[in-house]
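Participant: Sharing target_39.cif below, mmCIF, C-alpha atoms and all ligand atoms:
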```
data_upload
#
loop_
_atom_site.group_PDB
_atom_site.id
_atom_site.type_symbol
_atom_site.label_atom_id
_atom_site.label_comp_id
_atom_site.auth_asym_id
_atom_site.auth_seq_id
_atom_site.Cartn_x
_atom_site.Cartn_y
_atom_site.Cartn_z
ATOM 1 C CA MET A 19 -20.000 -16.742 -8.243
ATOM 2 C CA THR A 20 -17.445 -18.571 -6.157
ATOM 3 C CA THR A 21 -14.836 -20.813 -7.718
ATOM 4 C CA ILE A 22 -12.905 -23.418 -5.834
ATOM 5 C CA ASP A 23 -9.723 -21.960 -4.418
ATOM 6 C CA SER A 24 -7.106 -24.625 -4.945
ATOM 7 C CA PRO A 25 -4.118 -23.571 -2.888
ATOM 8 C CA ASP A 26 -1.549 -25.407 -4.989
ATOM 9 C CA ARG A 27 -2.461 -24.046 -8.406
ATOM 10 C CA ALA A 28 -1.759 -20.377 -8.805
ATOM 11 C CA PRO A 29 -4.485 -18.974 -11.068
ATOM 12 C CA ALA A 30 -7.483 -20.483 -9.265
ATOM 13 C CA ARG A 31 -8.803 -17.972 -6.771
ATOM 14 C CA VAL A 32 -11.987 -16.794 -5.152
ATOM 15 C CA ALA A 33 -13.908 -14.962 -7.847
ATOM 16 C CA ALA A 34 -16.009 -12.563 -5.856
ATOM 17 C CA ASP A 35 -19.431 -11.535 -7.067
ATOM 18 C CA PRO A 36 -18.936 -7.942 -8.274
ATOM 19 C CA ALA A 37 -22.304 -6.998 -6.792
ATOM 20 C CA THR A 38 -21.380 -7.968 -3.242
ATOM 21 C CA ARG A 39 -17.594 -7.822 -3.338
ATOM 22 C CA GLY A 40 -15.920 -5.305 -1.036
ATOM 23 C CA ARG A 41 -13.636 -2.559 -2.337
ATOM 24 C CA PHE A 42 -9.859 -2.466 -2.110
ATOM 25 C CA ILE A 43 -8.188 0.810 -1.163
ATOM 26 C CA THR A 44 -4.450 1.347 -0.831
ATOM 27 C CA LEU A 45 -2.368 4.111 0.720
ATOM 28 C CA GLU A 46 0.953 4.700 -0.983
ATOM 29 C CA GLY A 47 3.858 7.092 -0.672
ATOM 30 C CA GLY A 48 7.399 7.423 0.569
ATOM 31 C CA GLU A 49 8.824 7.324 4.052
ATOM 32 C CA GLY A 50 7.068 9.542 6.578
ATOM 33 C CA ALA A 51 4.358 10.582 4.115
ATOM 34 C CA GLY A 52 1.614 9.891 6.669
ATOM 35 C CA LYS A 53 0.170 6.593 5.390
ATOM 36 C CA SER A 54 -0.049 4.880 8.770
ATOM 37 C CA THR A 55 -1.382 8.059 10.394
ATOM 38 C CA LEU A 56 -4.130 8.279 7.784
ATOM 39 C CA LEU A 57 -5.344 4.683 8.211
ATOM 40 C CA ALA A 58 -7.411 5.589 11.269
ATOM 41 C CA LEU A 59 -9.133 8.396 9.395
ATOM 42 C CA VAL A 60 -9.972 6.089 6.499
ATOM 43 C CA ARG A 61 -11.448 3.540 8.883
ATOM 44 C CA GLU A 62 -13.625 6.190 10.563
ATOM 45 C CA ARG A 63 -14.790 7.608 7.253
ATOM 46 C CA LEU A 64 -15.834 4.193 5.952
ATOM 47 C CA ALA A 65 -17.291 2.990 9.246
ATOM 48 C CA ALA A 66 -19.435 6.150 9.368
ATOM 49 C CA ARG A 67 -21.135 4.844 6.222
ATOM 50 C CA GLY A 68 -21.661 1.419 7.737
ATOM 51 C CA ILE A 69 -18.822 -0.274 5.884
ATOM 52 C CA ASP A 70 -17.057 -3.247 7.430
ATOM 53 C CA VAL A 71 -13.351 -2.390 7.071
ATOM 54 C CA VAL A 72 -10.215 -4.503 7.371
ATOM 55 C CA LEU A 73 -7.033 -2.466 7.885
ATOM 56 C CA THR A 74 -3.802 -4.108 6.875
ATOM 57 C CA ARG A 75 -0.281 -3.316 5.701
ATOM 58 C CA GLU A 76 2.588 -4.455 3.506
ATOM 59 C CA PRO A 77 4.922 -6.030 3.920
ATOM 60 C CA GLY A 78 2.783 -7.757 6.530
ATOM 61 C CA GLY A 79 -0.881 -8.460 7.105
ATOM 62 C CA THR A 80 -0.393 -12.149 7.912
ATOM 63 C CA PRO A 81 1.934 -13.959 10.355
ATOM 64 C CA LEU A 82 4.240 -14.851 7.436
ATOM 65 C CA GLY A 83 4.059 -11.323 6.064
ATOM 66 C CA GLU A 84 4.911 -9.765 9.407
ATOM 67 C CA ALA A 85 7.889 -12.109 9.756
ATOM 68 C CA VAL A 86 9.072 -11.082 6.279
ATOM 69 C CA ARG A 87 8.557 -7.431 7.210
ATOM 70 C CA ALA A 88 10.792 -7.822 10.245
ATOM 71 C CA LEU A 89 13.484 -9.363 8.045
ATOM 72 C CA VAL A 90 13.246 -6.804 5.260
ATOM 73 C CA LEU A 91 13.357 -3.843 7.644
ATOM 74 C CA ASP A 92 16.022 -5.267 9.966
ATOM 75 C CA PRO A 93 19.154 -3.058 9.730
ATOM 76 C CA ALA A 94 21.239 -6.149 10.547
ATOM 77 C CA GLN A 95 20.159 -7.686 7.174
ATOM 78 C CA ARG A 96 22.531 -5.405 5.314
ATOM 79 C CA GLY A 97 23.399 -8.084 2.758
ATOM 80 C CA ILE A 98 19.910 -8.664 1.325
ATOM 81 C CA ARG A 99 20.281 -8.604 -2.473
ATOM 82 C CA ALA A 100 17.853 -6.601 -4.577
ATOM 83 C CA GLU A 101 16.500 -9.821 -6.140
ATOM 84 C CA SER A 102 16.037 -11.388 -2.716
ATOM 85 C CA GLU A 103 14.222 -8.327 -1.443
ATOM 86 C CA LEU A 104 11.858 -8.353 -4.431
ATOM 87 C CA LEU A 105 11.058 -12.034 -3.935
ATOM 88 C CA LEU A 106 10.622 -11.606 -0.193
ATOM 89 C CA VAL A 107 8.109 -8.780 -0.540
ATOM 90 C CA PHE A 108 6.198 -10.765 -3.161
ATOM 91 C CA ALA A 109 6.272 -13.902 -1.005
ATOM 92 C CA ALA A 110 4.671 -11.848 1.753
ATOM 93 C CA ARG A 111 2.199 -10.373 -0.755
ATOM 94 C CA ALA A 112 1.212 -13.776 -2.167
ATOM 95 C CA GLN A 113 0.279 -14.878 1.347
ATOM 96 C CA HIS A 114 -1.482 -11.583 2.045
ATOM 97 C CA VAL A 115 -3.613 -11.793 -1.111
ATOM 98 C CA ARG A 116 -4.623 -15.418 -0.574
ATOM 99 C CA GLU A 117 -5.051 -15.408 3.185
ATOM 100 C CA LEU A 118 -6.532 -11.980 3.840
ATOM 101 C CA ILE A 119 -7.311 -9.684 0.902
ATOM 102 C CA GLU A 120 -9.252 -11.991 -1.411
ATOM 103 C CA PRO A 121 -11.324 -13.723 1.272
ATOM 104 C CA ALA A 122 -12.216 -10.387 2.891
ATOM 105 C CA LEU A 123 -13.287 -8.829 -0.420
ATOM 106 C CA ALA A 124 -15.263 -11.929 -1.367
ATOM 107 C CA ALA A 125 -17.069 -11.693 1.985
ATOM 108 C CA GLY A 126 -18.102 -8.123 1.168
ATOM 109 C CA ARG A 127 -15.623 -6.464 3.509
ATOM 110 C CA TRP A 128 -13.575 -3.467 2.395
ATOM 111 C CA VAL A 129 -9.807 -3.785 2.638
ATOM 112 C CA VAL A 130 -7.551 -0.797 3.247
ATOM 113 C CA SER A 131 -3.852 -1.553 2.920
ATOM 114 C CA ASP A 132 -0.932 0.621 3.993
ATOM 115 C CA ARG A 133 1.101 -0.089 0.801
ATOM 116 C CA TYR A 134 0.597 -2.763 -1.888
ATOM 117 C CA THR A 135 2.066 -3.628 -5.302
ATOM 118 C CA ASP A 136 2.735 -0.017 -6.339
ATOM 119 C CA ALA A 137 5.288 0.049 -3.524
ATOM 120 C CA SER A 138 7.254 -2.731 -5.247
ATOM 121 C CA TYR A 139 7.383 -0.776 -8.497
ATOM 122 C CA ALA A 140 8.554 2.263 -6.518
ATOM 123 C CA TYR A 141 10.995 0.654 -4.065
ATOM 124 C CA GLN A 142 12.249 -2.540 -5.694
ATOM 125 C CA GLY A 143 11.867 -1.093 -9.212
ATOM 126 C CA GLY A 144 12.733 2.596 -8.867
ATOM 127 C CA GLY A 145 14.806 2.350 -5.724
ATOM 128 C CA ARG A 146 16.665 -0.923 -6.354
ATOM 129 C CA GLY A 147 16.556 -0.948 -10.142
ATOM 130 C CA GLN A 148 14.808 -4.299 -10.533
ATOM 131 C CA PRO A 149 13.341 -4.658 -14.048
ATOM 132 C CA ILE A 150 9.734 -3.580 -14.320
ATOM 133 C CA GLU A 151 8.827 -6.682 -16.403
ATOM 134 C CA ARG A 152 9.983 -8.908 -13.583
ATOM 135 C CA ILE A 153 7.815 -7.035 -11.098
ATOM 136 C CA ALA A 154 4.886 -7.149 -13.509
ATOM 137 C CA ALA A 155 5.315 -10.911 -13.911
ATOM 138 C CA LEU A 156 5.264 -11.452 -10.146
ATOM 139 C CA GLU A 157 2.238 -9.188 -9.855
ATOM 140 C CA ALA A 158 0.361 -11.098 -12.572
ATOM 141 C CA TRP A 159 1.218 -14.372 -10.862
ATOM 142 C CA VAL A 160 0.459 -13.742 -7.197
ATOM 143 C CA ALA A 161 -1.208 -10.337 -6.855
ATOM 144 C CA PRO A 162 -3.505 -9.759 -9.856
ATOM 145 C CA ILE A 163 -6.105 -8.068 -7.663
ATOM 146 C CA ARG A 164 -6.030 -4.330 -8.387
ATOM 147 C CA PRO A 165 -6.947 -1.644 -5.891
ATOM 148 C CA ASP A 166 -10.162 0.220 -6.692
ATOM 149 C CA LEU A 167 -8.665 3.394 -5.236
ATOM 150 C CA SER A 168 -5.078 4.329 -4.382
ATOM 151 C CA LEU A 169 -4.275 7.470 -2.432
ATOM 152 C CA LEU A 170 -0.724 8.600 -3.151
ATOM 153 C CA LEU A 171 0.634 10.751 -0.349
ATOM 154 C CA ASP A 172 3.265 12.787 -2.131
ATOM 155 C CA LEU A 173 5.800 15.086 -0.514
ATOM 156 C CA PRO A 174 9.420 16.183 -0.942
ATOM 157 C CA VAL A 175 11.837 13.455 0.075
ATOM 158 C CA ALA A 176 13.667 15.518 2.697
ATOM 159 C CA GLN A 177 10.416 16.397 4.442
ATOM 160 C CA GLY A 178 9.287 12.772 4.596
ATOM 161 C CA LEU A 179 12.645 11.574 5.859
ATOM 162 C CA ALA A 180 12.672 14.276 8.544
ATOM 163 C CA ARG A 181 9.260 13.086 9.771
ATOM 164 C CA ALA A 182 10.275 9.439 9.686
ATOM 165 C CA GLY A 183 13.556 10.261 11.432
ATOM 166 C CA ALA A 184 11.775 12.128 14.214
ATOM 167 C CA ARG A 185 9.734 8.976 14.814
ATOM 168 C CA GLY A 186 12.713 7.012 16.127
ATOM 169 C CA ALA A 187 15.125 4.245 15.084
ATOM 170 C CA THR A 188 16.000 4.022 11.374
ATOM 171 C CA ASP A 189 15.057 0.776 9.603
ATOM 172 C CA ARG A 190 17.021 -0.876 6.755
ATOM 173 C CA ILE A 191 15.067 0.917 4.017
ATOM 174 C CA GLU A 192 15.068 4.317 5.716
ATOM 175 C CA ALA A 193 18.858 4.096 5.814
ATOM 176 C CA GLU A 194 19.021 4.483 2.001
ATOM 177 C CA ASP A 195 20.285 7.759 0.518
ATOM 178 C CA ALA A 196 18.206 10.649 -0.808
ATOM 179 C CA ALA A 197 18.742 9.585 -4.460
ATOM 180 C CA PHE A 198 17.074 6.238 -3.688
ATOM 181 C CA PHE A 199 14.005 8.005 -2.302
ATOM 182 C CA GLU A 200 13.915 10.451 -5.207
ATOM 183 C CA ARG A 201 13.663 7.448 -7.553
ATOM 184 C CA VAL A 202 10.918 5.965 -5.356
ATOM 185 C CA ARG A 203 8.980 9.216 -5.477
ATOM 186 C CA ALA A 204 9.424 9.566 -9.242
ATOM 187 C CA VAL A 205 8.025 6.073 -9.897
ATOM 188 C CA TYR A 206 5.046 6.671 -7.632
ATOM 189 C CA ARG A 207 4.265 9.900 -9.462
ATOM 190 C CA GLU A 208 4.663 8.240 -12.869
ATOM 191 C CA ARG A 209 2.310 5.445 -11.867
ATOM 192 C CA ALA A 210 -0.254 7.897 -10.544
ATOM 193 C CA ALA A 211 -0.070 9.934 -13.755
ATOM 194 C CA ALA A 212 -0.467 6.772 -15.846
ATOM 195 C CA GLU A 213 -3.560 5.583 -13.970
ATOM 196 C CA PRO A 214 -5.573 8.684 -13.075
ATOM 197 C CA GLY A 215 -8.753 6.636 -12.709
ATOM 198 C CA ARG A 216 -7.347 4.664 -9.800
ATOM 199 C CA PHE A 217 -4.948 7.129 -8.181
ATOM 200 C CA ARG A 218 -5.631 10.318 -6.281
ATOM 201 C CA ILE A 219 -2.532 12.352 -5.423
ATOM 202 C CA ILE A 220 -2.637 14.105 -2.084
ATOM 203 C CA ASP A 221 -0.158 16.844 -1.195
ATOM 204 C CA ALA A 222 1.245 15.284 1.969
ATOM 205 C CA SER A 223 3.547 18.211 2.686
ATOM 206 C CA GLN A 224 0.575 20.074 4.166
ATOM 207 C CA PRO A 225 -0.249 20.071 7.872
ATOM 208 C CA LEU A 226 -1.951 16.868 8.988
ATOM 209 C CA ALA A 227 -5.410 18.476 9.208
ATOM 210 C CA ALA A 228 -5.198 19.566 5.564
ATOM 211 C CA VAL A 229 -3.966 16.121 4.461
ATOM 212 C CA CYS A 230 -6.854 14.494 6.337
ATOM 213 C CA ALA A 231 -9.348 16.901 4.770
ATOM 214 C CA ALA A 232 -8.015 16.165 1.276
ATOM 215 C CA ALA A 233 -8.156 12.416 1.898
ATOM 216 C CA ALA A 234 -11.695 12.706 3.299
ATOM 217 C CA THR A 235 -12.829 14.567 0.176
ATOM 218 C CA GLN A 236 -11.380 11.875 -2.072
ATOM 219 C CA LEU A 237 -12.889 9.066 -0.022
ATOM 220 C CA ASP A 238 -16.315 10.682 0.034
ATOM 221 C CA ALA A 239 -16.224 11.098 -3.737
ATOM 222 C CA PHE A 240 -15.246 7.446 -4.117
ATOM 223 C CA LEU A 241 -18.027 6.317 -1.746
ATOM 224 C CA ASP A 242 -20.571 8.389 -3.643
ATOM 225 C CA LEU A 243 -19.433 6.841 -6.930
ATOM 226 C CA ALA A 244 -19.581 3.374 -5.370
ATOM 227 C CA GLY A 245 -23.187 4.099 -4.449
ATOM 228 C CA VAL A 246 -22.658 3.869 -0.681
ATOM 229 C CA ALA A 247 -25.415 5.821 1.075
ATOM 230 C CA ALA A 248 -24.211 8.834 3.076
HETATM 231 N N1 LIG A 301 0.855 16.038 7.497
HETATM 232 C C1 LIG A 301 1.703 15.844 8.508
HETATM 233 N N2 LIG A 301 2.364 16.888 9.064
HETATM 234 C C2 LIG A 301 3.246 16.694 10.041
HETATM 235 N N3 LIG A 301 3.562 15.495 10.575
HETATM 236 C C3 LIG A 301 2.952 14.416 10.054
HETATM 237 C C4 LIG A 301 1.997 14.529 9.005
HETATM 238 N N4 LIG A 301 1.567 13.282 8.694
HETATM 239 C C5 LIG A 301 2.220 12.447 9.508
HETATM 240 N N5 LIG A 301 3.039 13.108 10.339
HETATM 241 C C6 LIG A 301 3.957 12.543 11.329
HETATM 242 O O1 LIG A 301 5.077 12.066 10.591
HETATM 243 C C7 LIG A 301 5.494 10.812 11.100
HETATM 244 C C8 LIG A 301 5.407 9.786 9.984
HETATM 245 O O2 LIG A 301 4.024 9.535 9.692
HETATM 246 P P1 LIG A 301 3.538 8.055 9.343
HETATM 247 O O3 LIG A 301 4.189 7.076 10.254
HETATM 248 O O4 LIG A 301 2.057 8.077 9.273
HETATM 249 O O5 LIG A 301 4.143 7.942 7.879
HETATM 250 P P2 LIG A 301 4.216 6.671 6.944
HETATM 251 O O6 LIG A 301 3.864 7.146 5.582
HETATM 252 O O7 LIG A 301 3.400 5.563 7.506
HETATM 253 O O8 LIG A 301 5.764 6.342 7.004
HETATM 254 P P3 LIG A 301 6.526 4.954 6.692
HETATM 255 O O9 LIG A 301 6.555 4.797 5.209
HETATM 256 O O10 LIG A 301 7.888 5.174 7.224
HETATM 257 O O11 LIG A 301 5.763 3.876 7.386
HETATM 258 C C9 LIG A 301 4.599 10.493 12.294
HETATM 259 O O12 LIG A 301 5.283 10.882 13.441
HETATM 260 C C10 LIG A 301 3.380 11.351 12.058
HETATM 261 O O13 LIG A 301 2.788 11.734 13.261
HETATM 262 MG MG MG A 302 3.908 3.652 8.081
#
```
What's the structure tokens form of this structure?
Facilitator:
Amino acid sequence: MTTIDSPDRAPARVAADPATRGRFITLEGGEGAGKSTLLALVRERLAARGIDVVLTREPGGTPLGEAVRALVLDPAQRGIRAESELLLVFAARAQHVRELIEPALAAGRWVVSDRYTDASYAYQGGGRGQPIERIAALEAWVAPIRPDLSLLLDLPVAQGLARAGARGATDRIEAEDAAFFERVRAVYRERAAAEPGRFRIIDASQPLAAVCAAAATQLDAFLDLAGVAA
């Protein structure tokens, strides 16, 4: 079933046929956890089973989203208020959902996103202290689509920051203190514990090969459950 997507009225959206709709997978975790590194593996694993995959990221995924990303990560934007940051990431997400995620899923493609709404609960909620109800209201409004599977790459904050730091210049978020990232990690872990059906926690402190093997095992199990032929 396809309903008319009226761009000016929020709740109307493409209602994908569950039988042909693609699946939505997200990679979550703190700085330097290995999300972006793992995207390539996820693509290969899905492509090997003949799945048409769209890789994307947040903030980002659309021209507007990428522009918002540049703003949000720009160290020169030191004065961005917590409320502004929350609205900016959701403005990017609203565009991402409408322009890329929903149409791709409705067309039967699988979408794999490097971060999604859980990141707002972790960063803007845990990190910045924005009220959870406010985040939930924004989510219900512009990003009601839930991931079918979320891989949480979990590792000690110091280890993640060391990896991210070794990668080069520090962005505006990476410049936060360790307590900020401890709150981010705690919220991610709480969310994963609260939704064990959707989340799989991967110990991202392991060497990359072990992280990839753990992710591959989880993906294969998900594909088997989804009835995708090996
Ligand atoms: N398991 C691992 N062991 C050692 N190094 C790793 C591992 N996973 C990733 N790395 C390295 O750590 C750095 C950060 O990885 P990556 O960019 O994938 O993390 P990320 O989760 O996308 O971080 P960010 O949230 O900052 O975007 C990269 O240089 C990557 O090569
Ligand atoms: Mg990354």
Participant: Considering only C-alpha atoms and all ligand atoms, state which residue in the set A:Asp221, A:Asp70, A:Glu192, A:Asp166 is at the smallest distance from ligand MG 302 (chain A).
Facilitator: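 Result for the nearest residue to ligand MG 302 (chain A): A:Glu192.
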Participant: Which centre and which edge lengths, in Å to one decimal, describe the axis-aligned box that holds all listed atoms of segment 41-48 of chain A after 5 Å is added on each side, as lines of an AutoDock Vina configuration file?
Facilitator:
```
center_x = -3.1
center_y = 2.4
center_z = -0.8
size_x = 31.0
size_y = 20.0
size_z = 13.1
```
Participant: Which residue gives the smallest distance to ligand LIG 301 (chain A) among A:Gln224, A:Ser138, A:Ser131, A:Gln95, with only C-alpha atoms and all ligand atoms counted?
Facilitator: A:Gln224
Participant: For Val229 of chain A, which residue out of A:Ile191, A:Ala197, A:Ala65, A:Leu173 is the nearest one, using all atoms listed in the file?
Facilitator: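 Between A:Ile191, A:Ala197, A:Ala65, A:Leu173, the residue approaching Val229 of chain A most closely is A:Leu173.
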Participant: Name the residues that the PyMOL selection byres (((chain A and resi 198) around 12) and not hetatm) pulls out of this structure, and write them as a list in words.
Facilitator: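 When the PyMOL selection byres (((chain A and resi 198) around 12) and not hetatm) is applied, the selected residues are Gly48, Glu49, Ala140, Tyr141, Gln142, Gly143, Gly144, Gly145, Arg146, Gly147, Val175, Ala176, Leu179, Ile191, Glu192, Ala193, Glu194, Asp195, Ala196, Ala197, Phe199, Glu200, Arg201, Val202, Arg203, Ala204 and Val205 of chain A.
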Participant: Write the residues of the selection above to a file with C-alpha atoms, as a PDB file, in the frame of the given file.
Facilitator:
```pdb
ATOM      1  CA  GLY A  48       7.399   7.423   0.569  1.00  0.00           C
ATOM      2  CA  GLU A  49       8.824   7.324   4.052  1.00  0.00           C
ATOM      3  CA  ALA A 140       8.554   2.263  -6.518  1.00  0.00           C
ATOM      4  CA  TYR A 141      10.995   0.654  -4.065  1.00  0.00           C
ATOM      5  CA  GLN A 142      12.249  -2.540  -5.694  1.00  0.00           C
ATOM      6  CA  GLY A 143      11.867  -1.093  -9.212  1.00  0.00           C
ATOM      7  CA  GLY A 144      12.733   2.596  -8.867  1.00  0.00           C
ATOM      8  CA  GLY A 145      14.806   2.350  -5.724  1.00  0.00           C
ATOM      9  CA  ARG A 146      16.665  -0.923  -6.354  1.00  0.00           C
ATOM     10  CA  GLY A 147      16.556  -0.948 -10.142  1.00  0.00           C
ATOM     11  CA  VAL A 175      11.837  13.455   0.075  1.00  0.00           C
ATOM     12  CA  ALA A 176      13.667  15.518   2.697  1.00  0.00           C
ATOM     13  CA  LEU A 179      12.645  11.574   5.859  1.00  0.00           C
ATOM     14  CA  ILE A 191      15.067   0.917   4.017  1.00  0.00           C
ATOM     15  CA  GLU A 192      15.068   4.317   5.716  1.00  0.00           C
ATOM     16  CA  ALA A 193      18.858   4.096   5.814  1.00  0.00           C
ATOM     17  CA  GLU A 194      19.021   4.483   2.001  1.00  0.00           C
ATOM     18  CA  ASP A 195      20.285   7.759   0.518  1.00  0.00           C
ATOM     19  CA  ALA A 196      18.206  10.649  -0.808  1.00  0.00           C
ATOM     20  CA  ALA A 197      18.742   9.585  -4.460  1.00  0.00           C
ATOM     21  CA  PHE A 199      14.005   8.005  -2.302  1.00  0.00           C
ATOM     22  CA  GLU A 200      13.915  10.451  -5.207  1.00  0.00           C
ATOM     23  CA  ARG A 201      13.663   7.448  -7.553  1.00  0.00           C
ATOM     24  CA  VAL A 202      10.918   5.965  -5.356  1.00  0.00           C
ATOM     25  CA  ARG A 203       8.980   9.216  -5.477  1.00  0.00           C
ATOM     26  CA  ALA A 204       9.424   9.566  -9.242  1.00  0.00           C
ATOM     27  CA  VAL A 205       8.025   6.073  -9.897  1.00  0.00           C
TER      28      VAL A 205
END
```
Participant: With all atoms listed in the file as the atoms that count, which of A:Gly52, A:Gly183, A:Pro225, A:Gly215 lies nearest to Phe240 of chain A?
Facilitator: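 The shortest atom-to-atom distance to Phe240 of chain A comes from A:Gly215.
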Participant: Measuring between all atoms listed in the file, which one of A:Arg207, A:Arg164, A:Arg216, A:Arg133 shows the shortest distance to ligand LIG 301 (chain A)?
Facilitator: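 Distance minimum relative to ligand LIG 301 (chain A) lands on A:Arg133.
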Participant: Where does the PyMOL selection byres (((not hetatm)) within 8 of (chain A and resi 301)) land in this file, that is, which residues does it pick, as a list in words?
Facilitator: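 Taken on the displayed file, the PyMOL selection byres (((not hetatm)) within 8 of (chain A and resi 301)) yields the residues Glu46, Gly47, Gly48, Glu49, Gly50, Ala51, Gly52, Lys53, Ser54, Thr55, Leu56, Asp132, Leu171, Gly178, Arg181, Ala182, Ala184, Arg185, Glu192, Ala222, Ser223, Gln224, Pro225, Leu226, Ala227, Ala228, Val229 and Cys230 of chain A.
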Participant: Write a file of the selected residues as a short mmCIF file (atom, residue, chain, number, x, y, z; two decimals), in the frame of the given file, keeping C-alpha atoms.
Facilitator:
```cif
data_model
loop_
_atom_site.label_atom_id
_atom_site.label_comp_id
_atom_site.auth_asym_id
_atom_site.auth_seq_id
_atom_site.Cartn_x
_atom_site.Cartn_y
_atom_site.Cartn_z
CA GLU A 46 0.95 4.70 -0.98
CA GLY A 47 3.86 7.09 -0.67
CA GLY A 48 7.40 7.42 0.57
CA GLU A 49 8.82 7.32 4.05
CA GLY A 50 7.07 9.54 6.58
CA ALA A 51 4.36 10.58 4.12
CA GLY A 52 1.61 9.89 6.67
CA LYS A 53 0.17 6.59 5.39
CA SER A 54 -0.05 4.88 8.77
CA THR A 55 -1.38 8.06 10.39
CA LEU A 56 -4.13 8.28 7.78
CA ASP A 132 -0.93 0.62 3.99
CA LEU A 171 0.63 10.75 -0.35
CA GLY A 178 9.29 12.77 4.60
CA ARG A 181 9.26 13.09 9.77
CA ALA A 182 10.28 9.44 9.69
CA ALA A 184 11.78 12.13 14.21
CA ARG A 185 9.73 8.98 14.81
CA GLU A 192 15.07 4.32 5.72
CA ALA A 222 1.25 15.28 1.97
CA SER A 223 3.55 18.21 2.69
CA GLN A 224 0.57 20.07 4.17
CA PRO A 225 -0.25 20.07 7.87
CA LEU A 226 -1.95 16.87 8.99
CA ALA A 227 -5.41 18.48 9.21
CA ALA A 228 -5.20 19.57 5.56
CA VAL A 229 -3.97 16.12 4.46
CA CYS A 230 -6.85 14.49 6.34
#
```
Participant: For Pro162 of chain A, find every residue with an atom within 10 Å (counting all atoms listed in the file), except residues of its own chain fewer than 6 positions away, and show them as an MDAnalysis selection string.
Facilitator: chainID A and resid 29 112 115 135 154:156
Participant: Just how far from atom CA of Leu106 of chain A is atom CA of Glu208 of chain A, in Å to one decimal?
Facilitator: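 Atom CA of Leu106 of chain A lies 24.3 Å from atom CA of Glu208 of chain A.
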Participant: Can you measure atom CA of Leu73 of chain A to atom CA of Gly245 of chain A for me? One decimal in Å is fine.
Facilitator: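 Separation of atom CA of Leu73 of chain A and atom CA of Gly245 of chain A: 21.4 Å.
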Participant: Atom CA of Ile150 of chain A to atom CA of Thr74 of chain A: how many Å, to one decimal?
Facilitator: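 One can read the atom CA of Ile150 of chain A to atom CA of Thr74 of chain A distance as 25.2 Å.
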Participant: I'd like the neighbourhood of Pro93 of chain A as a list in words, where a residue qualifies if any of its atoms comes within 9 Å (using all atoms listed in the file), though same-chain residues fewer than 3 positions away should be ignored.
Facilitator: Leu89, Val90, Arg96, Thr188, Asp189, Arg190, Ile191 and Ala193 of chain A
Participant: So which residues touch Trp128 of chain A within 12 Å, counting only C-alpha atoms, skipping near sequence neighbours fewer than 5 positions away, as a PDB file with C-alpha atoms, in the frame of the given file?
Facilitator:
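Generated output (part-v2.pdb):
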```
ATOM      1  CA  THR A  38     -21.380  -7.968  -3.242  1.00  0.00           C
ATOM      2  CA  ARG A  39     -17.594  -7.822  -3.338  1.00  0.00           C
ATOM      3  CA  GLY A  40     -15.920  -5.305  -1.036  1.00  0.00           C
ATOM      4  CA  ARG A  41     -13.636  -2.559  -2.337  1.00  0.00           C
ATOM      5  CA  PHE A  42      -9.859  -2.466  -2.110  1.00  0.00           C
ATOM      6  CA  ILE A  43      -8.188   0.810  -1.163  1.00  0.00           C
ATOM      7  CA  THR A  44      -4.450   1.347  -0.831  1.00  0.00           C
ATOM      8  CA  VAL A  60      -9.972   6.089   6.499  1.00  0.00           C
ATOM      9  CA  ARG A  61     -11.448   3.540   8.883  1.00  0.00           C
ATOM     10  CA  LEU A  64     -15.834   4.193   5.952  1.00  0.00           C
ATOM     11  CA  ALA A  65     -17.291   2.990   9.246  1.00  0.00           C
ATOM     12  CA  ARG A  67     -21.135   4.844   6.222  1.00  0.00           C
ATOM     13  CA  GLY A  68     -21.661   1.419   7.737  1.00  0.00           C
ATOM     14  CA  ILE A  69     -18.822  -0.274   5.884  1.00  0.00           C
ATOM     15  CA  ASP A  70     -17.057  -3.247   7.430  1.00  0.00           C
ATOM     16  CA  VAL A  71     -13.351  -2.390   7.071  1.00  0.00           C
ATOM     17  CA  VAL A  72     -10.215  -4.503   7.371  1.00  0.00           C
ATOM     18  CA  LEU A  73      -7.033  -2.466   7.885  1.00  0.00           C
ATOM     19  CA  THR A  74      -3.802  -4.108   6.875  1.00  0.00           C
ATOM     20  CA  LEU A 118      -6.532 -11.980   3.840  1.00  0.00           C
ATOM     21  CA  ILE A 119      -7.311  -9.684   0.902  1.00  0.00           C
ATOM     22  CA  GLU A 120      -9.252 -11.991  -1.411  1.00  0.00           C
ATOM     23  CA  PRO A 121     -11.324 -13.723   1.272  1.00  0.00           C
ATOM     24  CA  ALA A 122     -12.216 -10.387   2.891  1.00  0.00           C
ATOM     25  CA  LEU A 123     -13.287  -8.829  -0.420  1.00  0.00           C
ATOM     26  CA  PRO A 165      -6.947  -1.644  -5.891  1.00  0.00           C
ATOM     27  CA  ASP A 166     -10.162   0.220  -6.692  1.00  0.00           C
ATOM     28  CA  LEU A 167      -8.665   3.394  -5.236  1.00  0.00           C
ATOM     29  CA  LEU A 241     -18.027   6.317  -1.746  1.00  0.00           C
ATOM     30  CA  ALA A 244     -19.581   3.374  -5.370  1.00  0.00           C
TER      31      ALA A 244
END
```
